[in-house]
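Read the structure below first, then the notes.
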Amino acid sequence: MQQIRPKTIRLVDFQEEPLASGRKMLHCIFQDNYGAHYKWTPQWKGEHGVECLFFRALATEEYNEPEGVWTSELKKAAESIPPLEAMQLPVKIHLGGMTDVGNQHVLRIEILSMDESVSYDSDTRTFYIGSCGVRYDALKDFLLQACTVAGIEGCECIYGGRVFEGSFSYSEQVGIALYVRLEKWNERQRYEVAARELASNIRLYLRRILLDFRALKQGFEES
């Protein structure tokens, strides 16, 4: 009779797979103690989704030891995960058009007023989402460092409905527009991927700033 060797499997990495549509798919990479690798592509909802896994883990540890250390840690983790409502941006990130300017393409990404108004102070180079200030230069530096897209050659911020060298009509919604200069490519798909990644990183940056702002504001209100 063949002896079954016990396995220990642990999560070792996350991988993002680019799709032909320009979207991405998230994979969790596991490895057992014999070196074999396994890939899991999780869903948030569903019978075997991440949300279900988290709450099943909490229920299991509460069953094992109602006041145990792991129950306490899981509850802390649950409290630290911001509500899904807080993850909803109060502004709209809109991918605008693209135009040729000399030997570059210029992509427009708009941050538009929605639940919160968007305004811009040109003297301090700060735009405001409601009363939360976001330094434009800090966002620009983050985009240039965080994006893996090659060929980003600069970024400019326009506010108040102006147009870039007469090439764009501005959205009717009030907000600001970021004009990202890209080197010219032959493949249109590269621009679509670049646009998605830039917009995704803008959302990531704004969520972090807004969550920090709300936490600080709540702390002042409670003190």
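Following the order of the structure tokens, first chain is A, next is B, and so on, with residues numbered from 1 inside each chain and ligands from 1 in the order they appear.
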Distance query A:Ala199 at most 12 Å, only C-alpha atoms, self and fewer than 4 positions along chain excluded, as a ChimeraX atom specification: /A:92-96,107-111,139,143,146-147,177-180,192-195,203-206
Please dump the current selection as a short mmCIF file (atom, residue, chain, number, x, y, z; two decimals), in the first residue's frame; keep C-alpha atoms.
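Written out: part_3.cif:
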data_model
loop_
_atom_site.label_atom_id
_atom_site.label_comp_id
_atom_site.auth_asym_id
_atom_site.auth_seq_id
_atom_site.Cartn_x
_atom_site.Cartn_y
_atom_site.Cartn_z
CA LYS A 92 -15.92 59.84 -11.26
CA ILE A 93 -12.71 58.77 -13.00
CA HIS A 94 -13.42 59.06 -16.71
CA LEU A 95 -11.16 58.06 -19.59
CA GLY A 96 -11.38 60.77 -22.21
CA LEU A 107 -4.31 60.86 -23.11
CA ARG A 108 -6.97 62.71 -21.11
CA ILE A 109 -8.14 61.31 -17.76
CA GLU A 110 -10.86 63.31 -15.99
CA ILE A 111 -11.61 63.47 -12.26
CA LEU A 139 -0.29 62.34 -7.47
CA LEU A 143 1.66 57.80 -11.24
CA ALA A 146 3.65 53.17 -9.79
CA CYS A 147 2.73 52.60 -13.43
CA ALA A 177 -8.36 66.76 -16.41
CA LEU A 178 -4.97 65.08 -16.34
CA TYR A 179 -3.17 65.05 -19.66
CA VAL A 180 -0.62 62.24 -19.78
CA GLU A 192 -5.87 50.90 -23.87
CA VAL A 193 -3.75 49.03 -21.32
CA ALA A 194 -1.90 52.25 -20.41
CA ALA A 195 -5.20 54.11 -19.93
CA ARG A 203 -8.32 55.42 -8.02
CA LEU A 204 -5.85 53.63 -5.72
CA TYR A 205 -4.14 56.89 -4.76
CA LEU A 206 -7.39 58.80 -4.18
#
Of the listed residues A:Gln88, A:Ile202, A:Lys39, A:Thr8, that which approaches A:Phe142 most closely, counting only C-alpha atoms: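 Closest residue, counting only C-alpha atoms: A:Ile202.
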Atomic separation - atom CA of A:Lys24 relative to atom CA of A:Lys184, Å: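 Those two atoms sit 23.4 Å apart.
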A:Tyr120 environment, 8 Å, only C-alpha atoms, sequence neighbours closer than 6 positions dropped, as a PyMOL selection string: chain A and resi 126-128+159+176
One-decimal distance in Å that lies between atom CA of A:Phe14 and atom CA of A:Asp141: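 Between these atoms lies a distance of 25.1 Å.
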Residues flagged helix (DSSP H, G or I) by DSSP in stretch 77-127 of chain A, as an MDAnalysis selection string: chainID A and resid 77:80 84:87
Long-range neighbours of A:Pro6 as a PDB file with C-alpha atoms, in the first residue's frame, 10 Å cut-off, only C-alpha atoms, 6 positions minimum in chain:
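What ended up in part.pdb:
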ATOM      1  CA  ASP A  32       3.261  22.854  -0.912  1.00  0.00           C
ATOM      2  CA  ASN A  33       6.194  21.574   1.143  1.00  0.00           C
ATOM      3  CA  TYR A  34       7.339  19.437  -1.828  1.00  0.00           C
TER       4      TYR A  34
END
Residue neighbourhood A:Val91, 8 Å, only C-alpha atoms, exclusion window fewer than 3 positions, as a list in words: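 Final neighbour list, sorted by chain and number: Ile111, Leu112, Ser113, Met114, Asp115, Glu116, Ser117, Val118 and Ile129 of chain A.
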Who sits within 8 Å of A:Tyr38, only C-alpha atoms, same chain under 5 positions skipped, as a VMD selection string: chain A and resid 29 to 31
Picked from stretch 24-114 of chain A by DSSP as strand (DSSP E or B), as an MDAnalysis selection string: chainID A and resid 24:32 37:40 91:101 104:113
Residues from last step as file, N, CA, C and O atoms, as a tab-separated table (two decimals), in the first residue's frame:
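Result went into part-v2.tsv, see below:
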chain	number	residue	atom	x	y	z
A	24	LYS	N	-7.57	42.76	-16.19
A	24	LYS	CA	-6.64	41.90	-15.48
A	24	LYS	C	-7.41	40.85	-14.68
A	24	LYS	O	-8.56	41.08	-14.29
A	25	MET	N	-6.76	39.72	-14.43
A	25	MET	CA	-7.31	38.67	-13.59
A	25	MET	C	-6.32	38.42	-12.45
A	25	MET	O	-5.11	38.33	-12.68
A	26	LEU	N	-6.83	38.35	-11.21
A	26	LEU	CA	-5.97	38.15	-10.04
A	26	LEU	C	-5.89	36.67	-9.71
A	26	LEU	O	-6.91	35.99	-9.60
A	27	HIS	N	-4.65	36.16	-9.53
A	27	HIS	CA	-4.43	34.77	-9.14
A	27	HIS	C	-3.69	34.73	-7.80
A	27	HIS	O	-2.81	35.57	-7.54
A	28	CYS	N	-4.06	33.77	-6.96
A	28	CYS	CA	-3.32	33.47	-5.73
A	28	CYS	C	-2.47	32.23	-6.00
A	28	CYS	O	-2.97	31.21	-6.46
A	29	ILE	N	-1.17	32.32	-5.71
A	29	ILE	CA	-0.24	31.23	-5.97
A	29	ILE	C	0.11	30.55	-4.65
A	29	ILE	O	0.57	31.19	-3.71
A	30	PHE	N	-0.12	29.24	-4.60
A	30	PHE	CA	0.18	28.45	-3.41
A	30	PHE	C	1.33	27.49	-3.72
A	30	PHE	O	1.56	27.11	-4.87
A	31	GLN	N	2.04	27.10	-2.68
A	31	GLN	CA	3.13	26.13	-2.82
A	31	GLN	C	3.07	25.13	-1.67
A	31	GLN	O	2.84	25.53	-0.52
A	32	ASP	N	3.24	23.84	-1.99
A	32	ASP	CA	3.26	22.85	-0.91
A	32	ASP	C	4.70	22.60	-0.46
A	32	ASP	O	5.66	23.15	-1.04
A	37	HIS	N	3.40	23.89	-7.17
A	37	HIS	CA	2.66	25.14	-7.13
A	37	HIS	C	1.22	24.93	-7.59
A	37	HIS	O	0.94	24.10	-8.45
A	38	TYR	N	0.33	25.74	-7.02
A	38	TYR	CA	-1.09	25.69	-7.36
A	38	TYR	C	-1.58	27.12	-7.55
A	38	TYR	O	-1.10	28.04	-6.89
A	39	LYS	N	-2.54	27.29	-8.44
A	39	LYS	CA	-3.07	28.62	-8.73
A	39	LYS	C	-4.56	28.65	-8.44
A	39	LYS	O	-5.31	27.79	-8.89
A	40	TRP	N	-4.99	29.66	-7.69
A	40	TRP	CA	-6.40	29.85	-7.38
A	40	TRP	C	-6.80	31.25	-7.84
A	40	TRP	O	-6.13	32.24	-7.51
A	91	VAL	N	-16.11	60.60	-6.50
A	91	VAL	CA	-15.89	61.29	-7.77
A	91	VAL	C	-15.85	60.26	-8.89
A	91	VAL	O	-15.72	59.06	-8.63
A	92	LYS	N	-15.95	60.73	-10.10
A	92	LYS	CA	-15.92	59.84	-11.26
A	92	LYS	C	-14.58	59.96	-11.97
A	92	LYS	O	-14.12	61.06	-12.27
A	93	ILE	N	-13.94	58.81	-12.21
A	93	ILE	CA	-12.71	58.77	-13.00
A	93	ILE	C	-13.10	58.37	-14.41
A	93	ILE	O	-13.57	57.25	-14.64
A	94	HIS	N	-12.93	59.28	-15.35
A	94	HIS	CA	-13.42	59.06	-16.71
A	94	HIS	C	-12.26	59.09	-17.70
A	94	HIS	O	-11.45	60.03	-17.68
A	95	LEU	N	-12.17	58.09	-18.54
A	95	LEU	CA	-11.16	58.06	-19.59
A	95	LEU	C	-11.68	58.85	-20.78
A	95	LEU	O	-12.68	58.49	-21.40
A	96	GLY	N	-10.99	59.94	-21.08
A	96	GLY	CA	-11.38	60.77	-22.21
A	96	GLY	C	-10.70	60.33	-23.48
A	96	GLY	O	-10.27	59.19	-23.62
A	97	GLY	N	-10.56	61.25	-24.40
A	97	GLY	CA	-9.99	60.91	-25.69
A	97	GLY	C	-8.48	60.99	-25.71
A	97	GLY	O	-7.82	61.25	-24.71
A	98	MET	N	-7.93	60.73	-26.88
A	98	MET	CA	-6.48	60.80	-27.08
A	98	MET	C	-6.23	61.51	-28.41
A	98	MET	O	-7.00	61.36	-29.36
A	99	THR	N	-5.19	62.30	-28.45
A	99	THR	CA	-4.89	63.04	-29.67
A	99	THR	C	-3.39	63.06	-29.92
A	99	THR	O	-2.59	62.83	-29.00
A	100	ASP	N	-3.02	63.34	-31.15
A	100	ASP	CA	-1.62	63.48	-31.53
A	100	ASP	C	-1.15	64.90	-31.24
A	100	ASP	O	-1.83	65.86	-31.63
A	101	VAL	N	-0.03	65.02	-30.57
A	101	VAL	CA	0.60	66.32	-30.36
A	101	VAL	C	2.08	66.14	-30.69
A	101	VAL	O	2.84	65.59	-29.88
A	104	GLN	N	4.12	62.79	-29.92
A	104	GLN	CA	3.55	62.12	-28.75
A	104	GLN	C	2.05	61.94	-28.95
A	104	GLN	O	1.42	62.59	-29.78
A	105	HIS	N	1.49	61.02	-28.16
A	105	HIS	CA	0.06	60.94	-27.97
A	105	HIS	C	-0.25	61.51	-26.59
A	105	HIS	O	0.52	61.30	-25.64
A	106	VAL	N	-1.36	62.22	-26.47
A	106	VAL	CA	-1.76	62.79	-25.18
A	106	VAL	C	-3.10	62.18	-24.80
A	106	VAL	O	-4.09	62.29	-25.54
A	107	LEU	N	-3.12	61.53	-23.63
A	107	LEU	CA	-4.31	60.86	-23.11
A	107	LEU	C	-4.94	61.74	-22.04
A	107	LEU	O	-4.26	62.24	-21.15
A	108	ARG	N	-6.26	61.92	-22.11
A	108	ARG	CA	-6.97	62.71	-21.11
A	108	ARG	C	-7.68	61.79	-20.13
A	108	ARG	O	-8.40	60.88	-20.53
A	109	ILE	N	-7.43	62.03	-18.83
A	109	ILE	CA	-8.14	61.31	-17.76
A	109	ILE	C	-8.79	62.36	-16.88
A	109	ILE	O	-8.12	63.23	-16.32
A	110	GLU	N	-10.12	62.30	-16.75
A	110	GLU	CA	-10.86	63.31	-15.99
A	110	GLU	C	-11.20	62.81	-14.59
A	110	GLU	O	-11.53	61.64	-14.41
A	111	ILE	N	-11.12	63.71	-13.63
A	111	ILE	CA	-11.61	63.47	-12.26
A	111	ILE	C	-12.77	64.43	-12.08
A	111	ILE	O	-12.57	65.64	-11.95
A	112	LEU	N	-14.00	63.91	-12.11
A	112	LEU	CA	-15.19	64.73	-12.22
A	112	LEU	C	-16.01	64.73	-10.94
A	112	LEU	O	-16.07	63.74	-10.21
A	113	SER	N	-16.67	65.85	-10.68
A	113	SER	CA	-17.54	65.97	-9.52
A	113	SER	C	-18.69	64.98	-9.61
A	113	SER	O	-19.25	64.76	-10.69
